[in-house]
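Written out below as structure tokens is the structure these notes cover.
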Amino acid sequence: MSVATFDARVIGAFGRQVRVRAGDGREYPARPLGRGLGIVCGDAVRCRHDERHGEVHVLEVLARRTALYRTNARGGAEAVLANLTRLLVVIAPLPEPDLFVADRYLAAAESALIEPVLVLNKADLGLTAPLADELRGYALAGYHWLEVSAAGPTGLEALGTACRGHTAALVGQSGVGKSSLAAQLIPTERIEVGALARAAEGRHTTTAARLYELPGGGELIDAPGVRDFAPAVEHLEPRSLGFVEVARLAPGCRFLDCQHLREPDCAVRAGAESGLMHPRRYESYRRLRRLQQTLGPPHERARRRGG
Ligand SMILES: Nc1nc2c(ncn2[C@@H]2O[C@H](COP(=O)(O)OP(=O)(O)OP(=O)(O)O)[C@@H](O)[C@H]2O)c(=O)[nH]1
Ligand SMILES: [Mg+2]
Ligand SMILES: [Zn+2]
């Protein structure tokens, strides 16, 4: 090819506006050439300088090592972040936690072979009794969590260590303090932090994912907060949907293809009743299974849409 192309990293993506960082550290606003490239933050892309218009074009998205997928408004699968090696699922006592959201991120990460790390932020506020009980559910599943506080010195070193050398992303409900944590880990960047009242009104402070380089090596993505997260069902591990304790209990089920809903002799349902699996985690699993049944297989969805 006569025109010089170069490889770059997508450090921000907002609709068709993309920001890339080239190997030499230079950053450019860039424009995807052609529709449907589906570029997301974390992507590795091949670019070209358009000398005549003084623009940078993205020509193609290079193969992703991992991707986190969600279900979009049309019921299709859509990548949200690419090339992650760790997913930092942030929860906090404030605003009112919705742990179904955390469960869904954990399930999507497990299914995508991205190592999830549960991060309990705002440790300075203390734990409410219901949250402490929910955390017991995660312990039962086998998850540890990092207790941190962006407002104080708690746990930030451990969080930094969990990110070092990784491409990690902070995800979770709006207002849990993802950007506050990113700002603590990367003090040289100006990262906007929102007022809690904003999250309570359902408004998000961070509107687009942004990738930063960590001082100790590695990368950190600060993702926008969500009210809910629906993983793309066809990208979930088919048997367990990414619920690690379901995968552990399922070999005890009578049927090999047990969906762990109403089948007789289901070891997963029995585990939820006997306390081997937290009831909310089981309910979370069931909701995802039902979502999968509602959406149906991808080819049927395409037909319903007339696609
Ligand atoms: N007490 C306390 N408040 C915190 C802590 N971390 C963040 N906050 C506050 O929580 C509010 C929301 O923080 P953000 O960092 O903007 O939250 P976010 O998760 O990035 O929110 P979105 O960008 O909307 O998803 C701000 O008022 C922060 O000051 C913490 O550890 N303790
Ligand atoms: Mg934010
Ligand atoms: Zn079962």
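We name chains A, B, ... following the order of the structure tokens; residues begin at 1 in each chain, and ligands are numbered from 1 as shown.
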List as CSV every residue of chain A that is in contact with ligand 3, defined as an atom at most 9 Å from one of its atoms (using only C-alpha atoms and all ligand atoms), together with the nearest atom pair and the distance in Å rounded to one decimal, sorted by chain and then rising number.
```
residue,atom,partner,partner_atom_place_in_ligand_line,distance
A:Val246,CA,ligand 3,1 (Zn),8.2
A:Leu249,CA,ligand 3,1 (Zn),7.9
A:Ala250,CA,ligand 3,1 (Zn),5.5
A:Pro251,CA,ligand 3,1 (Zn),8.2
A:Gly252,CA,ligand 3,1 (Zn),7.6
A:Cys253,CA,ligand 3,1 (Zn),4.7
A:Arg254,CA,ligand 3,1 (Zn),7.2
A:Phe255,CA,ligand 3,1 (Zn),7.1
A:Leu256,CA,ligand 3,1 (Zn),8.2
A:Asp257,CA,ligand 3,1 (Zn),7.9
A:Cys258,CA,ligand 3,1 (Zn),4.5
A:Gln259,CA,ligand 3,1 (Zn),5.6
A:His260,CA,ligand 3,1 (Zn),3.5
A:Leu261,CA,ligand 3,1 (Zn),6.9
A:Arg262,CA,ligand 3,1 (Zn),8.2
A:Glu263,CA,ligand 3,1 (Zn),6.6
A:Pro264,CA,ligand 3,1 (Zn),8.0
A:Asp265,CA,ligand 3,1 (Zn),7.1
A:Cys266,CA,ligand 3,1 (Zn),3.7
A:Ala267,CA,ligand 3,1 (Zn),5.2
A:Val268,CA,ligand 3,1 (Zn),5.0
A:Arg269,CA,ligand 3,1 (Zn),6.5
A:Ala270,CA,ligand 3,1 (Zn),8.5
```
Residues of segment 113-204 of chain A at most 12 Å from segment 37-50 of chain A: nearest atom pair and distance in Å, only C-alpha atoms, as CSV:
```
residue,atom,partner,partner_atom,distance
A:His166,CA,A:Gly42,CA,11.9
A:Thr167,CA,A:Gly42,CA,8.3
A:Ala168,CA,A:Gly42,CA,9.8
A:Ala169,CA,A:Gly42,CA,9.5
```
Item to check | Protein and nucleic residues near ligand 1, 7 Å, only C-alpha atoms and all ligand atoms, as an MDAnalysis selection string | outcome: chainID A and resid 121:125 148:152 172:181 192:196 199 203:207 223:226
Next on the checklist: Which residue is closest to Ile186 of chain A? Choose from A:Val117, A:Leu159, A:Ile91, A:Ala4 and count only C-alpha atoms.
Outcome noted: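 Ranking A:Val117, A:Leu159, A:Ile91, A:Ala4 by distance to Ile186 of chain A, first place goes to A:Leu159.
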Next on the checklist: Which residue is closest to Arg164 of chain A? Choose from A:Leu118, A:Leu220, A:Val18, A:Ala182 and count only C-alpha atoms.
Outcome noted: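 Of A:Leu118, A:Leu220, A:Val18, A:Ala182, the one nearest Arg164 of chain A, counting only C-alpha atoms, is A:Leu220.
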Checklist entry - For ligand 2, which residue out of A:Val101, A:Ile221, A:Leu106, A:Ala13 is the nearest one, using only C-alpha atoms and all ligand atoms? => result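 Once distances to ligand 2 are computed over only C-alpha atoms and all ligand atoms, the minimum belongs to A:Ile221.
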Item to check | helix (DSSP H, G or I) call set, DSSP backbone run, segment 85-264 of chain A, as a ChimeraX atom specification | outcome: /A:99-111,123-125,129-141,156-163,178-185,196-200,233-235,244-252
Checklist entry - Just asking: which residues within segment 61-141 of chain A are strand (DSSP E) according to DSSP, as a ChimeraX atom specification? => result /A:61,67-71,77-82,86-91,115-120
Limited to N, CA, C and O atoms, could you put the picked residues into a file as a short mmCIF file (atom, residue, chain, number, x, y, z; two decimals), in the first residue's frame?
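Dumped to out_37.cif:
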```cif
data_model
loop_
_atom_site.label_atom_id
_atom_site.label_comp_id
_atom_site.auth_asym_id
_atom_site.auth_seq_id
_atom_site.Cartn_x
_atom_site.Cartn_y
_atom_site.Cartn_z
N VAL A 61 -10.67 -2.76 12.30
CA VAL A 61 -10.48 -3.15 13.69
C VAL A 61 -9.70 -4.45 13.69
O VAL A 61 -10.08 -5.41 13.02
N ALA A 67 -13.68 -9.51 24.40
CA ALA A 67 -14.66 -8.43 24.25
C ALA A 67 -15.80 -8.65 25.24
O ALA A 67 -16.19 -9.78 25.52
N LEU A 68 -16.28 -7.54 25.76
CA LEU A 68 -17.44 -7.57 26.64
C LEU A 68 -18.64 -7.15 25.79
O LEU A 68 -18.62 -6.10 25.15
N TYR A 69 -19.69 -8.00 25.76
CA TYR A 69 -20.84 -7.74 24.89
C TYR A 69 -22.09 -7.45 25.71
O TYR A 69 -22.31 -8.05 26.74
N ARG A 70 -22.91 -6.57 25.16
CA ARG A 70 -24.22 -6.36 25.77
C ARG A 70 -25.29 -6.59 24.72
O ARG A 70 -25.00 -6.70 23.53
N THR A 71 -26.54 -6.65 25.18
CA THR A 71 -27.66 -6.73 24.26
C THR A 71 -28.10 -5.31 23.95
O THR A 71 -28.36 -4.54 24.87
N ALA A 77 -26.30 -8.50 19.69
CA ALA A 77 -25.09 -8.42 20.52
C ALA A 77 -24.23 -7.27 20.03
O ALA A 77 -24.07 -7.05 18.84
N GLU A 78 -23.70 -6.53 21.00
CA GLU A 78 -22.90 -5.35 20.67
C GLU A 78 -21.72 -5.29 21.63
O GLU A 78 -21.92 -5.37 22.85
N ALA A 79 -20.52 -5.17 21.08
CA ALA A 79 -19.34 -5.06 21.95
C ALA A 79 -19.38 -3.71 22.66
O ALA A 79 -19.82 -2.71 22.08
N VAL A 80 -18.97 -3.69 23.90
CA VAL A 80 -18.89 -2.41 24.62
C VAL A 80 -17.45 -2.02 24.94
O VAL A 80 -17.11 -0.84 24.93
N LEU A 81 -16.60 -3.00 25.22
CA LEU A 81 -15.20 -2.74 25.52
C LEU A 81 -14.40 -3.90 24.95
O LEU A 81 -14.88 -5.03 24.94
N ALA A 82 -13.19 -3.62 24.51
CA ALA A 82 -12.40 -4.67 23.88
C ALA A 82 -11.03 -4.82 24.51
O ALA A 82 -10.49 -3.87 25.08
N ARG A 86 -8.98 -7.61 32.68
CA ARG A 86 -9.63 -7.57 34.00
C ARG A 86 -10.85 -6.68 33.94
O ARG A 86 -10.81 -5.61 33.32
N LEU A 87 -11.90 -7.12 34.62
CA LEU A 87 -13.08 -6.27 34.74
C LEU A 87 -13.27 -5.94 36.22
O LEU A 87 -13.47 -6.83 37.04
N LEU A 88 -13.17 -4.66 36.54
CA LEU A 88 -13.35 -4.21 37.92
C LEU A 88 -14.81 -3.84 38.11
O LEU A 88 -15.27 -2.81 37.62
N VAL A 89 -15.55 -4.73 38.75
CA VAL A 89 -16.98 -4.51 38.94
C VAL A 89 -17.16 -3.75 40.26
O VAL A 89 -16.94 -4.31 41.33
N VAL A 90 -17.51 -2.47 40.14
CA VAL A 90 -17.53 -1.61 41.31
C VAL A 90 -18.93 -1.56 41.92
O VAL A 90 -19.92 -1.34 41.22
N ILE A 91 -18.99 -1.79 43.22
CA ILE A 91 -20.24 -1.63 43.96
C ILE A 91 -19.98 -0.68 45.13
O ILE A 91 -18.82 -0.43 45.48
N GLU A 115 -10.90 -11.74 33.60
CA GLU A 115 -10.95 -12.01 35.04
C GLU A 115 -11.68 -10.88 35.78
O GLU A 115 -11.26 -9.74 35.74
N PRO A 116 -12.78 -11.21 36.46
CA PRO A 116 -13.48 -10.15 37.18
C PRO A 116 -12.90 -9.92 38.58
O PRO A 116 -12.42 -10.86 39.21
N VAL A 117 -12.93 -8.69 39.01
CA VAL A 117 -12.53 -8.34 40.38
C VAL A 117 -13.64 -7.47 40.95
O VAL A 117 -14.00 -6.45 40.36
N LEU A 118 -14.19 -7.91 42.06
CA LEU A 118 -15.25 -7.15 42.70
C LEU A 118 -14.61 -6.07 43.58
O LEU A 118 -13.71 -6.36 44.37
N VAL A 119 -15.06 -4.84 43.41
CA VAL A 119 -14.47 -3.71 44.15
C VAL A 119 -15.58 -3.03 44.95
O VAL A 119 -16.55 -2.54 44.37
N LEU A 120 -15.42 -3.06 46.26
CA LEU A 120 -16.40 -2.38 47.11
C LEU A 120 -15.84 -1.00 47.46
O LEU A 120 -14.94 -0.88 48.29
#
```
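The nearest approach to ligand 2 among the residues A:Leu291, A:Leu140, A:Leu170, A:Val233, with only C-alpha atoms and all ligand atoms taken into account, belongs to A:Leu170.
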Checklist entry - From the list A:Gly275, A:Arg303, A:Ala102, A:Arg190, which residue is nearest ligand 2 when using only C-alpha atoms and all ligand atoms? => result A:Arg190
Checklist entry - Which residues, written as JSON, numbers by chain, have at least one atom at most 10 Å from Glu245 of chain A, with only C-alpha atoms counted and residues fewer than 5 positions away on the same chain left out? => result {"A": [138, 140, 141, 142, 240, 250, 268, 271, 272, 276, 277, 278, 281, 282]}
Checklist entry - Smallest atom-to-atom distance to ligand 2: which of A:Arg210, A:Arg248, A:His53, A:Arg35, using only C-alpha atoms and all ligand atoms? => result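 Nearest candidate to ligand 2 out of A:Arg210, A:Arg248, A:His53, A:Arg35: A:Arg210.
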Item to check | Between atom CA of Ala107 of chain A and atom CA of Val244 of chain A - distance in Å to one decimal | outcome: 8.0 Å
Next on the checklist: I'd like the interatomic distance between atom CA of Ser284 of chain A and atom CA of Asp98 of chain A, to a tenth of an Å.
Outcome noted: 11.0 Å
Item to check | Pairwise distance for atom CA of Thr128 of chain A and atom CA of Asp103 of chain A, rounded to one decimal in Å | outcome: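 Those two atoms sit 18.9 Å apart.
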